[in-house]
Each structure stands twice: as structure tokens, then as C-alpha cells.
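Heads up, the thing below is written out as C-alpha cells.
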Amino acid sequence: MKSNPSAPEVRPPRISDFDIELRLLLEAIYLKYQHDFRHYAMSSLRRRLTQALDEFGLTTLSQLQDRIMRNGAEFARLFQYLTVQVSDMFRDPAYFMALRQHVMPVLRTYPSVKVWVAGCSTGEELWSLKILFDEEGLTERTLFYATDINPDALARAESGIYALDRIAGFTQNYLAAGGKRSLSDYYHAAYGGARFAGALKDRVVFADHSLSTDEVFLEAHLVSCRNVMIYFERALQDRALGLFQRALVRRGFLGLGSKESLRFSSQHEAFDEFCPRERIYQKR
Amino acid sequence: MRAQPSTVKRQAAPARPRAFQMVAIGASAGGIDVLNGLLAALPGDFSASVMVVVHLPADPLSYLVQTFSHRSTLPVLEPDAGERILGGRVYVAPPGYHMLVEDDRTVALSTEAAVRFSRPSIDVMFESAAWVYRERLLALLLSGANEDGVRGLERVRALGGAAWVQAPDTASSPEMPRAAIERGVADEILTPSTIARRLARLPAFIERES
């Protein structure tokens, strides 16, 4: 190490002030609220926190940190920016079609089936899978676990209510995914929206679970975790995939988003490609 | 010659063209033909990475990669999330996803809400690439009928990158380049053939570890 007793060497900063403050903010959130965003992908965190600054009317993340440190309600508000809640029912219909055609026949051979929808957000994916399992005659023997870190999103998932103007898109996806009935068989108009309910409501457990900090809590036959890990850094992706690997039964299935791949993961040896195009993997 | 102070100002007229490590291109209505021409002009030993966002309806089947592959000597791909960004490759944003750059020079994809009705959004790509590449980023805004990309160019320039804009009178939809020029975020306003010629002659960027 160089030593200079008279004055510290002034070096050009290797990191922007924004990034320094962003890291400090994430550390503060972790220490104060035990939510660990420290290994989330920086590119979209920067974007969302820039939006949050606008929304809070602040100019620096240090100010924001000061605010959320002293006010839990303000943290709850910021929390909505730290997590992404955008989904559609039957998003990527080909995925659901592949589950229907190739995965269901295998799951049908089990007397009981457990499905983990990890990072279920506001529940669109969960209800899509519930409908699919219902149409494939697996409702009675299947238990669903829907988990997320965002309590508001979980509550909305559990309510199963979506804005009416989204239903046309959902219906189009449902049909493209090989839907056997009419999507309207599964919801009714309520609370100014469409409410997915009835028999779909049974046999679902909603739980607060963090892919960053929590452990495996079940044995699953299918894990569906789509467009959740795209917001994670590689190391955190590997952690989450490790959880899935341990949760899955031998030859259990893992479904990812249409642009997610195990190619870059330390876990890729633990899985075989089952439906490569639809990003469905099978544990070795 | 005396040593320059550490804050070197951008040269007004560099004798030698500037080197860039990343060329980020945004296009909308009327931009595909221009892109085809630009990609065809890039030589096989082009050293920078290229990222492309084109507004298209979120159709799961994207023909862009096929279209561009026919014309470019460089490999053209629609990246998966986490794909490494290498020189001499063209990365086309998948329909329905924002495409960003992670600090470790990998592609990040996001399903966050559309930005000004667009996903992928040119602004999102420009802004995230600017964070990572800074003065090593060249951003190009081509023909388009909206204002996507303008805020992104602002960010690119604020972080030291360069912004080239297609001359509106050469664009079949001039609104997008015109908006950039009116906002004052265009370093240069160029015809497609000039852009192609200058891209083809970009010097290789040599990375120095400090």
C-alpha cells in the first residue's frame, strides 16, 4: 500500500454519488426493516429510485434514507418502488400451453401435487395456473403456495380482483394458451372489477417469503417463478435457484420467464431442459 | 505541452474520430429501413457492442433478429436476461421487455410498465447504458413518430456520451429526431448515409484499467 503521511490522495471517484447513496440506502433498509434489496440488479433499481425521488419530491437518496429511517409509513410507500408488480394472466401463452401439454401428464401421475408460485406479486400467474390445473382435472389433489415479499401485492393476489379493462387481454392470452372454456366462467364482476373466485379460491396458501433471505419451506412438484429473478444480481439468482432446486422433488419442474435462462447460472447442471423454448426445466 | 487538468473538456472538432465501446440505437416508425442500412454498413471487425430498441407491437414472434441478421455481418441476437455484452455483436430488445445494461456488462431485461406507451423503451435503454458506459457511449436516435429517446439522450450527454440524431428531413417520421433537436440534446444531426459511413470508421475502443 502506498503511504502518504501529509495528505490523503485525491482519486477520481470510481462510483457516482447516486450509486453510493443507493448502496447506503439499501443497507439502511436491510438493517432497519430486514428487507434485503442489496443484491437486486442496479440498472432497474436506479430507474425505480429515480422515480421514487420524483414522487417523494426529494433530490437525493440520502434525503430519502433520512425520511424512511424515521417513518415506517414512508418506507411502506418506498417499498412499492423497490418491487415490480407488473404481470398479466397467461402472459406468454406458449408457456401455459407447454405446461398443459407436457407437464400436466407427468403431474397427473402423482397422488398429490404441490405448486410453488414464487414471487407471485398481485396473483395473475397464480390464478392462471389455478385455472389451468382446474381444466386438467388436478384441482382436488393440488395445493398451491403463493409467496411474495410485498404484503400489499399478496393481499391483492388473495383478493383476486383485477380491473375490467385488463380482462380483454387476459381472455386473449387464455385462449392462446389453450383455454378450454370461457375465461368469464372463472370471474364475476365485483368491486368495480373482475373477481376470480369460486372453487379457484380453495387450496391456496399465501405466504410472506423472501428469495433473498428465507429458506425452503416445502417440497414441490412445480415451481413457477417468472420474471422475478430478472431483477436480481447473478449471486441472488443463484441463491433463489438453489432454493428451487432443494424444494423440488426429483424430476420436479421449474418454469421461468420467456427470456430467462439457466445458462448463466451455477445451478444449470442441476436441471435438464424440458421444454427449451418455453423455459421449462426439470430437476435432475 | 503541459499536462491537462484532470477534467478534460470535450474537444470541439477532434482530428481523430472518437472511440466508443457501445452504440445504442433507438428507432420507431420508419426506423427499420434506416437500421437495416446502418447494420449492413458495419464491418465484420466492428469492435463496439450495439444495442437496438425498436418499437413494435408486443408480438411474441419478433422478426427483427431475422431481418437484421440477413443484412449484418455481425451476429444479431435477441438476448436472454443475463447475456454477456460483447463487442461486435448486435443485441435487439425482445418485444415486451425493457432492455438495460447491468454494471457487470450483461443485459438486464425488465417487465416494468411501459414508459410513454413503449416497452421496450428507448429512454430506458439510453439511460441505463449511459450509467455504465458514460463517455464511451454513442447513442443514435432515428426516425420515429413519438418522443421516446429524448430524455434518454439528455442523460447520455449529461454523463459524457455522444448523441447523434437522424436529420428529420431524411426520416419518414421526423417527430422523434425533431423532438431531440428542439430539446437541444443532439450533438450532431446526420443523414443515414453519413451515420453509416462514420459508424463504419469508428476506431476501436481500448479499455484501460485505471
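We label chains A, B, ... in the order they appear in the C-alpha cells, count residues from 1 in each chain, and number ligands from 1 in the order shown.
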
Residue hits in chain B, query chain A, radius 7 Å, only C-alpha atoms, as a ChimeraX atom specification: /B:80-82,100-102,108-113,128

Keeping N, CA and C atoms for every residue in the selection just given, could you write it to a file as a PDB file, in the first residue's frame?
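The new file selection11.pdb reads:
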```pdb
ATOM      1  N   ASP B  80     -31.192 -13.205 -23.932  1.00  0.00           N
ATOM      2  CA  ASP B  80     -31.841 -13.588 -22.688  1.00  0.00           C
ATOM      3  C   ASP B  80     -31.358 -12.637 -21.594  1.00  0.00           C
ATOM      4  N   ALA B  81     -32.091 -12.568 -20.520  1.00  0.00           N
ATOM      5  CA  ALA B  81     -31.640 -11.797 -19.368  1.00  0.00           C
ATOM      6  C   ALA B  81     -30.327 -12.398 -18.885  1.00  0.00           C
ATOM      7  N   GLY B  82     -29.323 -11.541 -18.642  1.00  0.00           N
ATOM      8  CA  GLY B  82     -28.053 -12.025 -18.129  1.00  0.00           C
ATOM      9  C   GLY B  82     -27.015 -12.306 -19.197  1.00  0.00           C
ATOM     10  N   LEU B 100     -31.921  -3.197 -20.570  1.00  0.00           N
ATOM     11  CA  LEU B 100     -30.997  -2.333 -19.839  1.00  0.00           C
ATOM     12  C   LEU B 100     -29.611  -2.978 -19.773  1.00  0.00           C
ATOM     13  N   VAL B 101     -28.647  -2.196 -19.288  1.00  0.00           N
ATOM     14  CA  VAL B 101     -27.290  -2.702 -19.119  1.00  0.00           C
ATOM     15  C   VAL B 101     -26.984  -2.789 -17.628  1.00  0.00           C
ATOM     16  N   GLU B 102     -26.519  -3.950 -17.210  1.00  0.00           N
ATOM     17  CA  GLU B 102     -26.094  -4.102 -15.817  1.00  0.00           C
ATOM     18  C   GLU B 102     -24.631  -3.681 -15.666  1.00  0.00           C
ATOM     19  N   ALA B 108     -29.776  -6.670 -18.920  1.00  0.00           N
ATOM     20  CA  ALA B 108     -30.886  -6.844 -17.986  1.00  0.00           C
ATOM     21  C   ALA B 108     -32.173  -6.600 -18.753  1.00  0.00           C
ATOM     22  N   LEU B 109     -33.183  -7.406 -18.456  1.00  0.00           N
ATOM     23  CA  LEU B 109     -34.490  -7.207 -19.077  1.00  0.00           C
ATOM     24  C   LEU B 109     -35.483  -6.913 -17.967  1.00  0.00           C
ATOM     25  N   SER B 110     -36.502  -6.170 -18.303  1.00  0.00           N
ATOM     26  CA  SER B 110     -37.465  -5.781 -17.288  1.00  0.00           C
ATOM     27  C   SER B 110     -38.869  -5.786 -17.875  1.00  0.00           C
ATOM     28  N   THR B 111     -39.804  -6.260 -17.072  1.00  0.00           N
ATOM     29  CA  THR B 111     -41.209  -6.233 -17.492  1.00  0.00           C
ATOM     30  C   THR B 111     -41.959  -5.097 -16.803  1.00  0.00           C
ATOM     31  N   GLU B 112     -41.195  -4.128 -16.291  1.00  0.00           N
ATOM     32  CA  GLU B 112     -41.865  -2.975 -15.693  1.00  0.00           C
ATOM     33  C   GLU B 112     -42.757  -2.289 -16.727  1.00  0.00           C
ATOM     34  N   ALA B 113     -43.655  -1.461 -16.201  1.00  0.00           N
ATOM     35  CA  ALA B 113     -44.664  -0.841 -17.049  1.00  0.00           C
ATOM     36  C   ALA B 113     -44.028  -0.115 -18.242  1.00  0.00           C
ATOM     37  N   SER B 128     -29.881   3.624 -19.021  1.00  0.00           N
ATOM     38  CA  SER B 128     -29.102   2.609 -18.310  1.00  0.00           C
ATOM     39  C   SER B 128     -27.739   2.409 -18.966  1.00  0.00           C
TER      40      SER B 128
END
```

Looking only at helix (DSSP H, G or I) from DSSP on the backbone, list the matching residues of region 60-272 of chain A as a PyMOL selection string. chain A and resi 61-70+72-82+93-107+124-135+151-159+164-176+183-186+198-201+229-231+234-247+268-270

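Interatomic distance, CA of Gly149 (chain B) against CA of Asp54 (chain A): 19.3 Å.
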
Counting only C-alpha atoms, what is within 10 Å of Arg100 (chain A), bar same-chain residues fewer than 6 positions away, as a PyMOL selection string? chain A and resi 94+129+132-133+135-136+177-179

Nearby residues (only C-alpha atoms) at most 10 Å from Ile29 (chain A), same-chain spacing under 2 positions excluded, as a PyMOL selection string: chain A and resi 23-27+31-38+65+68-69+75+79

Selection: 8 Å around Ser49 (chain B), only C-alpha atoms, excl. self and same-chain fewer than 4 positions, as a list in words: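 Counting only the stated atoms, we get Gln21, Met22, Val23, Ile85, Leu86, Gly87, Gly88, Arg89, Val90 and Tyr91 of chain B.
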